[in-house]
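Asks: Just so it is clear, I am handing over target.txt, which has compact mmCIF, C-alpha atoms and all ligand atoms.
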```txt
# COMPACT_ATOMS: atom_id res chain seq x y z
CA MET A 28 -10.66 -2.35 2.35
CA ASN A 29 -13.58 -2.68 -0.06
CA PHE A 30 -14.30 -6.17 -1.25
CA THR A 31 -16.93 -8.79 -2.04
CA TYR A 32 -16.56 -12.24 -0.54
CA ASN A 33 -18.75 -14.95 -1.96
CA GLY A 34 -18.58 -18.13 0.17
CA GLN A 35 -19.12 -21.23 -1.95
CA PRO A 36 -20.85 -24.20 -0.36
CA SER A 37 -18.64 -27.26 -0.34
CA ARG A 38 -17.88 -29.76 2.39
CA VAL A 39 -14.28 -30.88 2.88
CA ILE A 40 -13.12 -34.01 4.67
CA PHE A 41 -9.34 -33.93 5.01
CA GLY A 42 -6.76 -36.35 6.34
CA ALA A 43 -4.91 -39.61 5.86
CA GLY A 44 -7.45 -42.42 5.90
CA SER A 45 -10.42 -40.08 5.37
CA LEU A 46 -11.65 -42.26 2.52
CA GLN A 47 -13.14 -44.46 5.26
CA HIS A 48 -15.90 -41.83 5.59
CA LEU A 49 -17.05 -42.25 1.99
CA ALA A 50 -20.25 -44.21 2.73
CA ARG A 51 -21.26 -41.69 5.40
CA GLU A 52 -20.67 -38.83 2.97
CA ILE A 53 -22.75 -40.50 0.26
CA ASP A 54 -25.57 -40.90 2.82
CA LEU A 55 -25.29 -37.21 3.73
CA LEU A 56 -25.80 -36.35 0.06
CA GLY A 57 -28.96 -38.45 0.20
CA ALA A 58 -27.60 -40.65 -2.60
CA LYS A 59 -28.09 -44.38 -3.06
CA ARG A 60 -26.59 -45.12 -6.50
CA ALA A 61 -23.18 -43.65 -7.27
CA LEU A 62 -21.54 -43.68 -10.69
CA ILE A 63 -17.77 -43.79 -10.19
CA LEU A 64 -15.54 -41.93 -12.67
CA SER A 65 -11.84 -42.35 -13.40
CA THR A 66 -9.25 -42.32 -16.17
CA PRO A 67 -8.34 -45.69 -17.71
CA GLU A 68 -5.06 -45.53 -15.73
CA GLN A 69 -6.93 -45.20 -12.43
CA ARG A 70 -9.54 -47.90 -13.09
CA ALA A 71 -8.22 -49.92 -10.11
CA SER A 72 -8.88 -46.96 -7.79
CA ALA A 73 -12.43 -46.64 -9.15
CA GLU A 74 -13.02 -50.34 -8.53
CA MET A 75 -11.66 -49.99 -5.01
CA ILE A 76 -14.27 -47.25 -4.43
CA ALA A 77 -17.00 -49.49 -5.87
CA ASP A 78 -15.99 -52.29 -3.47
CA LEU A 79 -16.06 -49.87 -0.55
CA LEU A 80 -19.59 -48.75 -1.45
CA GLY A 81 -21.03 -52.19 -2.16
CA SER A 82 -24.69 -51.94 -3.19
CA LYS A 83 -24.48 -48.13 -3.38
CA ALA A 84 -22.12 -48.35 -6.37
CA ALA A 85 -24.15 -48.21 -9.58
CA GLY A 86 -21.20 -48.62 -11.97
CA VAL A 87 -17.76 -47.46 -13.11
CA PHE A 88 -16.99 -45.23 -16.11
CA ASP A 89 -13.23 -45.23 -16.70
CA ARG A 90 -12.80 -43.15 -19.85
CA ALA A 91 -12.01 -39.70 -18.44
CA VAL A 92 -9.35 -37.92 -20.54
CA MET A 93 -7.75 -34.47 -20.56
CA HIS A 94 -9.96 -31.51 -21.63
CA VAL A 95 -13.33 -33.39 -21.44
CA PRO A 96 -14.27 -34.15 -25.08
CA ILE A 97 -18.04 -33.67 -25.57
CA GLU A 98 -18.34 -37.25 -26.87
CA THR A 99 -16.96 -38.65 -23.59
CA ALA A 100 -19.21 -36.35 -21.58
CA ARG A 101 -22.25 -37.57 -23.57
CA GLU A 102 -21.31 -41.22 -23.04
CA ALA A 103 -20.90 -40.68 -19.29
CA ARG A 104 -24.20 -38.76 -19.08
CA GLU A 105 -26.01 -41.56 -20.91
CA LEU A 106 -24.53 -44.19 -18.62
CA ALA A 107 -25.53 -42.16 -15.54
CA ASN A 108 -29.10 -42.00 -16.90
CA LYS A 109 -29.21 -45.67 -17.81
CA LEU A 110 -27.98 -46.73 -14.37
CA GLY A 111 -30.31 -44.33 -12.56
CA ALA A 112 -27.31 -42.79 -10.79
CA ASP A 113 -28.14 -40.15 -8.21
CA CYS A 114 -24.56 -38.95 -7.64
CA ALA A 115 -21.15 -39.19 -9.29
CA ILE A 116 -17.85 -39.86 -7.56
CA ALA A 117 -14.79 -38.51 -9.37
CA ILE A 118 -11.54 -40.14 -8.23
CA GLY A 119 -8.45 -38.68 -9.91
CA GLY A 120 -7.07 -35.39 -11.16
CA GLY A 121 -8.58 -32.43 -12.95
CA SER A 122 -9.53 -34.50 -16.00
CA THR A 123 -11.77 -36.82 -13.98
CA THR A 124 -13.25 -34.03 -11.89
CA GLY A 125 -13.88 -32.20 -15.17
CA LEU A 126 -15.89 -35.15 -16.49
CA GLY A 127 -17.96 -35.14 -13.29
CA LYS A 128 -18.63 -31.44 -13.82
CA ALA A 129 -19.79 -32.07 -17.40
CA ILE A 130 -22.35 -34.56 -16.05
CA ALA A 131 -23.47 -32.18 -13.29
CA LEU A 132 -23.86 -29.31 -15.76
CA ASP A 133 -26.36 -31.32 -17.73
CA SER A 134 -28.18 -33.13 -14.92
CA GLY A 135 -27.52 -31.34 -11.64
CA LEU A 136 -26.23 -34.65 -10.25
CA PRO A 137 -24.24 -34.00 -7.03
CA ILE A 138 -20.51 -34.68 -7.35
CA LEU A 139 -18.29 -36.08 -4.65
CA ALA A 140 -14.65 -35.49 -5.58
CA ILE A 141 -11.66 -37.51 -4.38
CA PRO A 142 -8.67 -35.59 -5.79
CA THR A 143 -5.40 -37.43 -6.33
CA THR A 144 -3.44 -34.55 -7.93
CA TYR A 145 -2.98 -30.91 -6.85
CA ALA A 146 -4.85 -29.27 -9.79
CA GLY A 147 -7.65 -27.92 -7.56
CA SER A 148 -10.63 -28.31 -9.91
CA GLU A 149 -12.71 -29.80 -7.07
CA MET A 150 -12.88 -26.38 -5.37
CA THR A 151 -14.15 -24.44 -8.39
CA PRO A 152 -17.46 -23.89 -10.21
CA ILE A 153 -15.45 -23.71 -13.47
CA TYR A 154 -16.04 -26.33 -16.15
CA GLY A 155 -14.49 -26.96 -19.56
CA ILE A 156 -15.79 -29.07 -22.45
CA THR A 157 -14.02 -29.59 -25.79
CA GLU A 158 -16.16 -29.68 -28.92
CA GLY A 159 -14.77 -29.69 -32.47
CA GLY A 160 -11.26 -29.08 -31.15
CA VAL A 161 -12.27 -25.97 -29.20
CA LYS A 162 -12.38 -25.99 -25.38
CA LYS A 163 -15.19 -23.87 -24.02
CA THR A 164 -15.05 -22.93 -20.36
CA GLY A 165 -17.74 -21.48 -18.17
CA LYS A 166 -18.87 -21.05 -14.58
CA ASP A 167 -21.91 -22.67 -13.03
CA PRO A 168 -22.55 -23.30 -9.33
CA ARG A 169 -24.10 -26.67 -10.22
CA VAL A 170 -20.72 -28.13 -11.17
CA LEU A 171 -18.99 -27.32 -7.87
CA PRO A 172 -18.51 -30.69 -6.12
CA ARG A 173 -20.75 -30.83 -3.03
CA THR A 174 -18.23 -32.85 -1.05
CA THR A 175 -14.49 -33.37 -1.40
CA ILE A 176 -12.56 -36.08 0.39
CA TYR A 177 -8.85 -35.22 0.50
CA ASP A 178 -7.01 -38.35 1.51
CA PRO A 179 -3.24 -37.92 1.09
CA ASP A 180 -2.79 -41.71 1.08
CA LEU A 181 -4.39 -41.70 -2.39
CA SER A 182 -1.83 -39.21 -3.72
CA MET A 183 1.19 -41.33 -2.73
CA SER A 184 1.13 -43.02 -6.14
CA LEU A 185 1.27 -39.73 -8.06
CA PRO A 186 4.63 -39.90 -9.89
CA VAL A 187 7.22 -37.45 -8.52
CA GLY A 188 7.44 -35.51 -11.80
CA LEU A 189 3.69 -34.94 -11.96
CA SER A 190 3.59 -34.17 -8.22
CA VAL A 191 6.03 -31.29 -8.68
CA THR A 192 4.38 -29.85 -11.80
CA SER A 193 0.87 -30.33 -10.41
CA GLY A 194 1.95 -28.59 -7.19
CA ILE A 195 3.32 -25.63 -9.17
CA ASN A 196 0.04 -25.59 -11.14
CA ALA A 197 -1.65 -25.06 -7.75
CA ILE A 198 0.83 -22.33 -6.78
CA ALA A 199 -0.08 -20.54 -10.02
CA HIS A 200 -3.74 -20.26 -8.89
CA ALA A 201 -2.70 -18.66 -5.61
CA ALA A 202 -0.08 -16.39 -7.19
CA GLU A 203 -2.54 -14.93 -9.69
CA GLY A 204 -5.18 -14.73 -6.95
CA LEU A 205 -2.88 -12.38 -5.05
CA TYR A 206 -3.07 -9.78 -7.85
CA ALA A 207 -6.64 -10.51 -8.99
CA VAL A 208 -8.86 -7.46 -9.58
CA ASP A 209 -11.55 -9.03 -7.37
CA SER A 210 -9.24 -10.34 -4.64
CA ASN A 211 -10.20 -10.19 -0.98
CA PRO A 212 -8.29 -10.60 2.31
CA ILE A 213 -9.57 -14.14 2.97
CA MET A 214 -8.39 -15.38 -0.41
CA ASP A 215 -5.03 -13.64 0.17
CA LEU A 216 -4.60 -15.57 3.42
CA MET A 217 -5.45 -18.82 1.72
CA ALA A 218 -3.15 -18.02 -1.21
CA CYS A 219 -0.12 -17.31 0.98
CA GLU A 220 -0.74 -20.35 3.18
CA GLY A 221 -1.30 -22.55 0.12
CA ILE A 222 1.92 -21.42 -1.60
CA ALA A 223 3.90 -21.90 1.62
CA ALA A 224 2.53 -25.43 2.14
CA LEU A 225 3.43 -26.46 -1.41
CA ALA A 226 6.85 -24.77 -1.29
CA ARG A 227 7.61 -26.89 1.81
CA ALA A 228 6.09 -30.08 0.46
CA LEU A 229 7.40 -30.32 -3.12
CA PRO A 230 11.14 -30.55 -2.30
CA ALA A 231 10.32 -33.15 0.37
CA ILE A 232 8.26 -35.21 -2.12
CA TYR A 233 11.05 -34.87 -4.70
CA LYS A 234 13.44 -36.39 -2.15
CA ASN A 235 11.03 -39.08 -1.00
CA ALA A 236 7.74 -39.71 -2.83
CA SER A 237 6.45 -41.71 0.16
CA ASP A 238 6.86 -38.87 2.68
CA LYS A 239 3.39 -38.94 4.23
CA ALA A 240 3.65 -35.59 6.02
CA ALA A 241 4.77 -33.89 2.79
CA ARG A 242 1.93 -35.54 0.83
CA ALA A 243 -0.56 -34.18 3.37
CA ASP A 244 1.02 -30.72 3.24
CA ALA A 245 0.87 -30.69 -0.57
CA LEU A 246 -2.78 -31.71 -0.65
CA TYR A 247 -3.61 -29.10 1.99
CA GLY A 248 -1.87 -26.49 -0.18
CA ALA A 249 -3.76 -27.75 -3.23
CA TRP A 250 -7.07 -27.31 -1.40
CA LEU A 251 -6.23 -23.71 -0.46
CA CYS A 252 -4.92 -22.80 -3.91
CA GLY A 253 -7.92 -24.45 -5.61
CA THR A 254 -10.24 -22.41 -3.41
CA VAL A 255 -8.51 -19.23 -4.57
CA LEU A 256 -8.95 -20.31 -8.20
CA GLY A 257 -12.65 -20.87 -7.57
CA ASN A 258 -13.21 -17.52 -5.90
CA VAL A 259 -11.27 -14.82 -7.73
CA GLY A 260 -10.44 -14.08 -11.37
CA MET A 261 -7.23 -15.30 -12.96
CA ALA A 262 -5.07 -13.21 -15.30
CA LEU A 263 -2.20 -13.40 -17.83
CA HIS A 264 -0.63 -16.65 -16.64
CA HIS A 265 -3.84 -18.70 -16.84
CA LYS A 266 -4.78 -17.21 -20.22
CA LEU A 267 -1.35 -18.05 -21.66
CA CYS A 268 -1.55 -21.62 -20.35
CA HIS A 269 -5.06 -21.99 -21.77
CA THR A 270 -3.74 -20.85 -25.18
CA LEU A 271 -0.73 -23.17 -25.10
CA GLY A 272 -2.65 -26.16 -23.78
CA GLY A 273 -5.63 -25.73 -26.08
CA SER A 274 -4.00 -24.65 -29.34
CA PHE A 275 -0.80 -26.70 -29.16
CA ASN A 276 -2.02 -29.66 -27.11
CA LEU A 277 0.68 -29.34 -24.47
CA PRO A 278 0.41 -31.09 -21.07
CA HIS A 279 -1.46 -28.97 -18.50
CA ALA A 280 0.67 -29.10 -15.34
CA GLU A 281 3.98 -28.83 -17.20
CA VAL A 282 2.82 -25.77 -19.14
CA HIS A 283 1.81 -24.05 -15.89
CA THR A 284 5.16 -24.89 -14.36
CA ILE A 285 7.15 -23.49 -17.29
CA VAL A 286 5.11 -20.33 -17.88
CA LEU A 287 4.55 -19.17 -14.28
CA PRO A 288 8.01 -17.64 -13.63
CA HIS A 289 7.77 -15.65 -16.87
CA ALA A 290 4.21 -14.47 -16.28
CA LEU A 291 5.25 -13.28 -12.80
CA ALA A 292 8.30 -11.51 -14.24
CA TYR A 293 6.01 -9.78 -16.76
CA ASN A 294 3.76 -8.54 -13.94
CA GLN A 295 6.53 -7.89 -11.38
CA ALA A 296 6.64 -4.08 -11.55
CA ALA A 297 2.86 -3.72 -11.87
CA ALA A 298 2.00 -5.80 -8.77
CA PRO A 299 4.88 -5.31 -6.31
CA GLN A 300 2.90 -6.09 -3.14
CA ALA A 301 1.55 -9.36 -4.49
CA MET A 302 5.06 -10.33 -5.65
CA GLN A 303 6.45 -9.67 -2.16
CA LYS A 304 3.79 -11.93 -0.66
CA ILE A 305 4.48 -14.68 -3.21
CA ALA A 306 8.24 -14.51 -2.64
CA LYS A 307 7.77 -14.59 1.14
CA ALA A 308 5.41 -17.56 0.92
CA LEU A 309 7.98 -19.34 -1.25
CA GLY A 310 10.47 -18.92 1.60
CA VAL A 311 12.53 -16.00 0.23
CA SER A 312 13.85 -13.92 3.15
CA GLU A 313 13.51 -10.12 3.07
CA SER A 314 17.27 -9.58 2.81
CA ASN A 315 17.46 -11.90 -0.21
CA GLN A 316 17.16 -10.21 -3.62
CA THR A 317 15.41 -13.21 -5.27
CA THR A 318 12.14 -12.21 -6.96
CA ALA A 319 8.89 -14.21 -6.90
CA ALA A 320 9.52 -15.07 -10.57
CA GLN A 321 13.02 -16.37 -9.84
CA ALA A 322 11.85 -18.29 -6.77
CA THR A 323 9.16 -20.15 -8.77
CA TRP A 324 11.72 -20.96 -11.49
CA ASP A 325 14.14 -22.25 -8.82
CA LEU A 326 11.40 -24.37 -7.24
CA ALA A 327 10.79 -26.07 -10.59
CA TYR A 328 14.45 -26.41 -11.59
CA ASN A 329 15.67 -27.67 -8.21
CA ASN A 330 12.98 -30.32 -8.12
CA GLY A 331 13.50 -31.79 -11.56
CA ALA A 332 10.58 -30.13 -13.38
CA PRO A 333 10.84 -28.95 -17.00
CA THR A 334 11.63 -25.25 -17.40
CA SER A 335 11.38 -24.78 -21.18
CA LEU A 336 8.49 -25.03 -23.64
CA SER A 337 10.98 -26.48 -26.16
CA SER A 338 11.46 -29.51 -23.88
CA ILE A 339 7.73 -30.37 -23.91
CA GLY A 340 7.27 -30.28 -27.66
CA LEU A 341 6.47 -26.68 -28.69
CA GLN A 342 8.18 -25.60 -31.92
CA GLU A 343 9.96 -22.24 -32.10
CA SER A 344 7.94 -21.50 -35.25
CA ASP A 345 4.75 -21.66 -33.11
CA LEU A 346 5.77 -18.74 -30.88
CA ASP A 347 4.42 -15.98 -33.14
CA LYS A 348 1.09 -17.77 -33.48
CA ALA A 349 0.90 -18.34 -29.71
CA CYS A 350 1.58 -14.64 -29.16
CA ASP A 351 -1.09 -13.63 -31.70
CA ILE A 352 -3.70 -15.82 -29.97
CA ALA A 353 -2.70 -14.49 -26.55
CA MET A 354 -3.09 -10.89 -27.79
CA GLN A 355 -6.59 -11.51 -29.18
CA ASN A 356 -8.59 -11.13 -25.99
CA GLN A 357 -7.88 -8.35 -23.57
CA TYR A 358 -8.54 -9.23 -19.94
CA ALA A 359 -7.79 -7.94 -16.48
CA ASN A 360 -4.06 -8.13 -15.74
CA PRO A 361 -1.86 -5.89 -13.59
CA ARG A 362 0.19 -4.91 -16.66
CA PRO A 363 -1.52 -4.32 -20.00
CA LEU A 364 -0.76 -6.74 -22.83
CA GLU A 365 2.11 -5.37 -24.90
CA ARG A 366 2.99 -7.40 -27.97
CA VAL A 367 6.77 -6.96 -27.93
CA ALA A 368 7.03 -7.78 -24.23
CA LEU A 369 4.65 -10.73 -24.57
CA ARG A 370 6.63 -12.13 -27.50
CA ALA A 371 9.79 -11.85 -25.37
CA LEU A 372 7.98 -13.69 -22.56
CA PHE A 373 7.17 -16.56 -24.95
CA GLN A 374 10.81 -16.66 -26.14
CA ASP A 375 12.10 -16.84 -22.56
CA ALA A 376 9.62 -19.58 -21.68
CA PHE A 377 10.55 -21.44 -24.85
CA GLU A 378 14.25 -21.33 -24.00
CA GLY A 379 13.72 -21.89 -20.28
CA VAL A 380 15.94 -19.03 -19.09
CA ARG A 381 15.79 -18.01 -15.42
CA PRO A 382 13.87 -14.70 -15.31
N1 LIG A 401 -12.06 -26.47 -13.95
C1 LIG A 401 -11.08 -26.20 -13.12
O1 LIG A 401 -11.25 -25.46 -12.17
C2 LIG A 401 -9.75 -26.84 -13.35
C3 LIG A 401 -8.70 -26.61 -12.46
C4 LIG A 401 -7.48 -27.25 -12.67
C5 LIG A 401 -7.33 -28.11 -13.76
N2 LIG A 401 -8.37 -28.31 -14.61
C6 LIG A 401 -8.24 -29.23 -15.76
O2 LIG A 401 -7.74 -30.48 -15.29
C7 LIG A 401 -6.93 -31.08 -16.28
C8 LIG A 401 -5.57 -31.43 -15.70
O3 LIG A 401 -5.71 -32.12 -14.47
P1 LIG A 401 -4.46 -32.79 -13.75
O4 LIG A 401 -3.25 -31.95 -13.94
O5 LIG A 401 -4.90 -33.13 -12.38
O6 LIG A 401 -4.16 -34.10 -14.62
P2 LIG A 401 -5.08 -35.35 -15.04
O7 LIG A 401 -6.32 -35.41 -14.26
O8 LIG A 401 -5.17 -35.32 -16.52
O9 LIG A 401 -4.15 -36.57 -14.59
C9 LIG A 401 -2.93 -36.85 -15.27
C10 LIG A 401 -2.65 -38.33 -15.20
O10 LIG A 401 -2.25 -38.69 -13.88
C11 LIG A 401 -3.03 -39.81 -13.44
N3 LIG A 401 -3.13 -39.70 -11.97
C12 LIG A 401 -3.83 -38.81 -11.26
N4 LIG A 401 -3.66 -39.02 -9.95
C13 LIG A 401 -2.82 -40.08 -9.83
C14 LIG A 401 -2.27 -40.77 -8.72
N5 LIG A 401 -2.50 -40.36 -7.46
N6 LIG A 401 -1.49 -41.82 -8.96
C15 LIG A 401 -1.18 -42.19 -10.22
N7 LIG A 401 -1.67 -41.57 -11.33
C16 LIG A 401 -2.48 -40.52 -11.11
C17 LIG A 401 -4.33 -39.66 -14.16
O11 LIG A 401 -5.04 -40.86 -14.19
C18 LIG A 401 -3.86 -39.20 -15.54
O12 LIG A 401 -3.43 -40.31 -16.28
C19 LIG A 401 -6.83 -30.08 -17.42
O13 LIG A 401 -7.74 -30.45 -18.44
C20 LIG A 401 -7.25 -28.77 -16.79
O14 LIG A 401 -7.79 -27.86 -17.72
C21 LIG A 401 -9.57 -27.71 -14.43
```
Can you turn what I pasted into structure tokens?
Replies:
Amino acid sequence: MNFTYNGQPSRVIFGAGSLQHLAREIDLLGAKRALILSTPEQRASAEMIADLLGSKAAGVFDRAVMHVPIETAREARELANKLGADCAIAIGGGSTTGLGKAIALDSGLPILAIPTTYAGSEMTPIYGITEGGVKKTGKDPRVLPRTTIYDPDLSMSLPVGLSVTSGINAIAHAAEGLYAVDSNPIMDLMACEGIAALARALPAIYKNASDKAARADALYGAWLCGTVLGNVGMALHHKLCHTLGGSFNLPHAEVHTIVLPHALAYNQAAAPQAMQKIAKALGVSESNQTTAAQATWDLAYNNGAPTSLSSIGLQESDLDKACDIAMQNQYANPRPLERVALRALFQDAFEGVRP
């Protein structure tokens, strides 16, 4: 029972309809001119926020894209300066929150996040910026959003496919948190509760995308899993997804969904207690022989998510290169990186076999 727990200051407003508290939350930040960020697809949501804020909305920047290109970050920073913005509101998924973080990194501007996916970036001090085709990530407390408004009503429009993969992306944070070298009992509680909430919610959303209770459950799980991501170190699974996303330009949530069962299978024997907790949180009973790896694969497969890297555009000829990149940096992982086993992992993920 030796651990370090580092509480990170962030205020969370949760619940259906909680967007109504936006103006109050902006006041509490001491802000008067908010720059609102979104992707082009979510421009209407950003405008809705601007209408809600009235004179406290300084402008809308709707060019957030995946992986935060430095050029986009610079444009958004310049606009924030020009408008005299004293806070940024990021409405959307991890890409939009990531753009907010890039502004905060440079200016210290407080961020208020309104997440509409389950990626969890709003709970972490981790940022990523892509320059010259290379995504650099780092940690800085300045980029952690000061306030997050989780309003499940805003996630109702998230397409079912992305809801399932984004939810499994969240589960991946919690699963790796359970075998992190710097884990602690509080994060373990949050991880198990987060996985359980998402394991309940995703099948219900798959059946009925408008199920309000399931949407709330999923967002609650996303909050917990995002908090785990922000507090303890990730391992093999996240490194593999970073490699595949960055070097082969594959979609973030889908890659997480496909790789997770295989990363868990790789670590199964080296982290048996964590695997038991993951399986239990996924609803596997003690008498059932299903492993955590199999249960995550089943969750994806039974809810219409892709299970193979081949189905999302990776070429079989890329597998050796992916394995080489993944072997380059050694990092904390329950089981050491072994080339032959890792190459087999990539093959299984490519083919989409059940572990
Ligand atoms: N720094 C961190 O801690 C952290 C954590 C998780 C993810 N990320 C980053 O976030 C990015 C992925 O984020 P993501 O998976 O949330 O995807 P995303 O933000 O790229 O969103 C995917 C698409 O879904 C749309 N969308 C989002 N919410 C919607 C809604 N409710 N209704 C309709 N459309 C909606 C977006 O506009 C976008 O077009 C990656 O770049 C990843 O590296 C960072």
Asks: Give as a PyMOL selection string the residues surrounding ligand LIG 401 (chain A) up to a distance of 6 Å, considering all atoms listed in the file.
Replies: chain A and resi 66+68-69+93-94+119-123+143-144+146-148+151+153-154+181-182+184-185+193+279-280
Asks: Looking at A:Ala107, A:Val286, A:Ala332, A:Ala85, which one is nearest to Leu229 (chain A), with distances taken over all atoms listed in the file?
Replies: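 For Leu229 (chain A), the nearest of the candidates is A:Ala332.
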Asks: Which one of A:Phe275, A:Tyr233, A:Phe88, A:Tyr145 sits closest to Ile195 (chain A) if you count all atoms listed in the file?
Replies: A:Tyr145
Asks: Of the candidates A:Gln47, A:Ser134, A:Asn258, A:Thr164, which one gets nearest to Asp178 (chain A) if we count all atoms listed in the file?
Replies: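 Closest to Asp178 (chain A), using all atoms listed in the file: A:Gln47.
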Asks: List the spatial neighbours of Leu80 (chain A) as a list of chain:residue names - criterion: any atom at most 10 Å away, only C-alpha atoms, same-chain residues fewer than 2 positions off excluded.
Replies: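 Skipping anything fewer than 2 positions along the chain leaves A:Leu49, A:Ala50, A:Arg51, A:Ile53, A:Lys59, A:Arg60, A:Ala61, A:Glu74, A:Met75, A:Ile76, A:Ala77, A:Asp78, A:Ser82, A:Lys83, A:Ala84, A:Ala85.
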Asks: Grab all the atoms of region 370-380 of chain A that the file lists, wrap them in a box along x, y and z, add 6 Å per side, and give me centre plus edge lengths in Å (one decimal) as AutoDock Vina command-line options.
Replies:
```
--center_x 11.3 --center_y -16.9 --center_z -23.3 --size_x 21.3 --size_y 22.0 --size_z 20.4
```
Asks: Within 12 Å of (11.6, -16.0, -24.4) (coordinates as in the file), grab all the protein and nucleic acid residues, counting all atoms listed in the file, and write them out as a PyMOL selection string.
Replies: chain A and resi 285-286+288-290+292-293+334-337+343+346-347+350+367-382
Asks: Quick one: distance from CA of Ile176 (chain A) to CA of Ala103 (chain A) in Å, one decimal?
Replies: 21.9 Å
Asks: Since the input has fewer atoms than a full residue there, write region 358-371 of chain A out with N, CA and C atoms, as a short mmCIF file (atom, residue, chain, number, x, y, z; two decimals), keeping the file's coordinate frame.
Replies:
```cif
data_model
loop_
_atom_site.label_atom_id
_atom_site.label_comp_id
_atom_site.auth_asym_id
_atom_site.auth_seq_id
_atom_site.Cartn_x
_atom_site.Cartn_y
_atom_site.Cartn_z
N TYR A 358 -7.92 -8.84 -21.21
CA TYR A 358 -8.54 -9.23 -19.94
C TYR A 358 -7.79 -8.54 -18.81
N ALA A 359 -8.40 -8.61 -17.62
CA ALA A 359 -7.79 -7.94 -16.48
C ALA A 359 -6.41 -8.54 -16.19
N ASN A 360 -5.41 -7.69 -16.10
CA ASN A 360 -4.06 -8.13 -15.74
C ASN A 360 -3.35 -6.90 -15.18
N PRO A 361 -2.51 -7.07 -14.17
CA PRO A 361 -1.86 -5.89 -13.59
C PRO A 361 -1.16 -5.03 -14.63
N ARG A 362 -0.50 -5.68 -15.61
CA ARG A 362 0.19 -4.91 -16.66
C ARG A 362 -0.52 -5.17 -17.98
N PRO A 363 -0.81 -4.11 -18.73
CA PRO A 363 -1.52 -4.32 -20.00
C PRO A 363 -0.72 -5.24 -20.93
N LEU A 364 -1.43 -5.85 -21.89
CA LEU A 364 -0.76 -6.74 -22.83
C LEU A 364 -0.02 -5.92 -23.87
N GLU A 365 1.29 -6.09 -23.92
CA GLU A 365 2.11 -5.37 -24.90
C GLU A 365 2.78 -6.43 -25.77
N ARG A 366 2.58 -6.32 -27.09
CA ARG A 366 2.99 -7.40 -27.97
C ARG A 366 4.48 -7.73 -27.88
N VAL A 367 5.32 -6.70 -27.91
CA VAL A 367 6.77 -6.96 -27.93
C VAL A 367 7.19 -7.67 -26.64
N ALA A 368 6.66 -7.18 -25.51
CA ALA A 368 7.03 -7.78 -24.23
C ALA A 368 6.48 -9.21 -24.11
N LEU A 369 5.28 -9.40 -24.64
CA LEU A 369 4.65 -10.73 -24.57
C LEU A 369 5.42 -11.74 -25.44
N ARG A 370 5.85 -11.26 -26.61
CA ARG A 370 6.63 -12.13 -27.50
C ARG A 370 7.95 -12.52 -26.82
N ALA A 371 8.53 -11.56 -26.10
CA ALA A 371 9.79 -11.85 -25.37
C ALA A 371 9.52 -12.86 -24.25
#
```
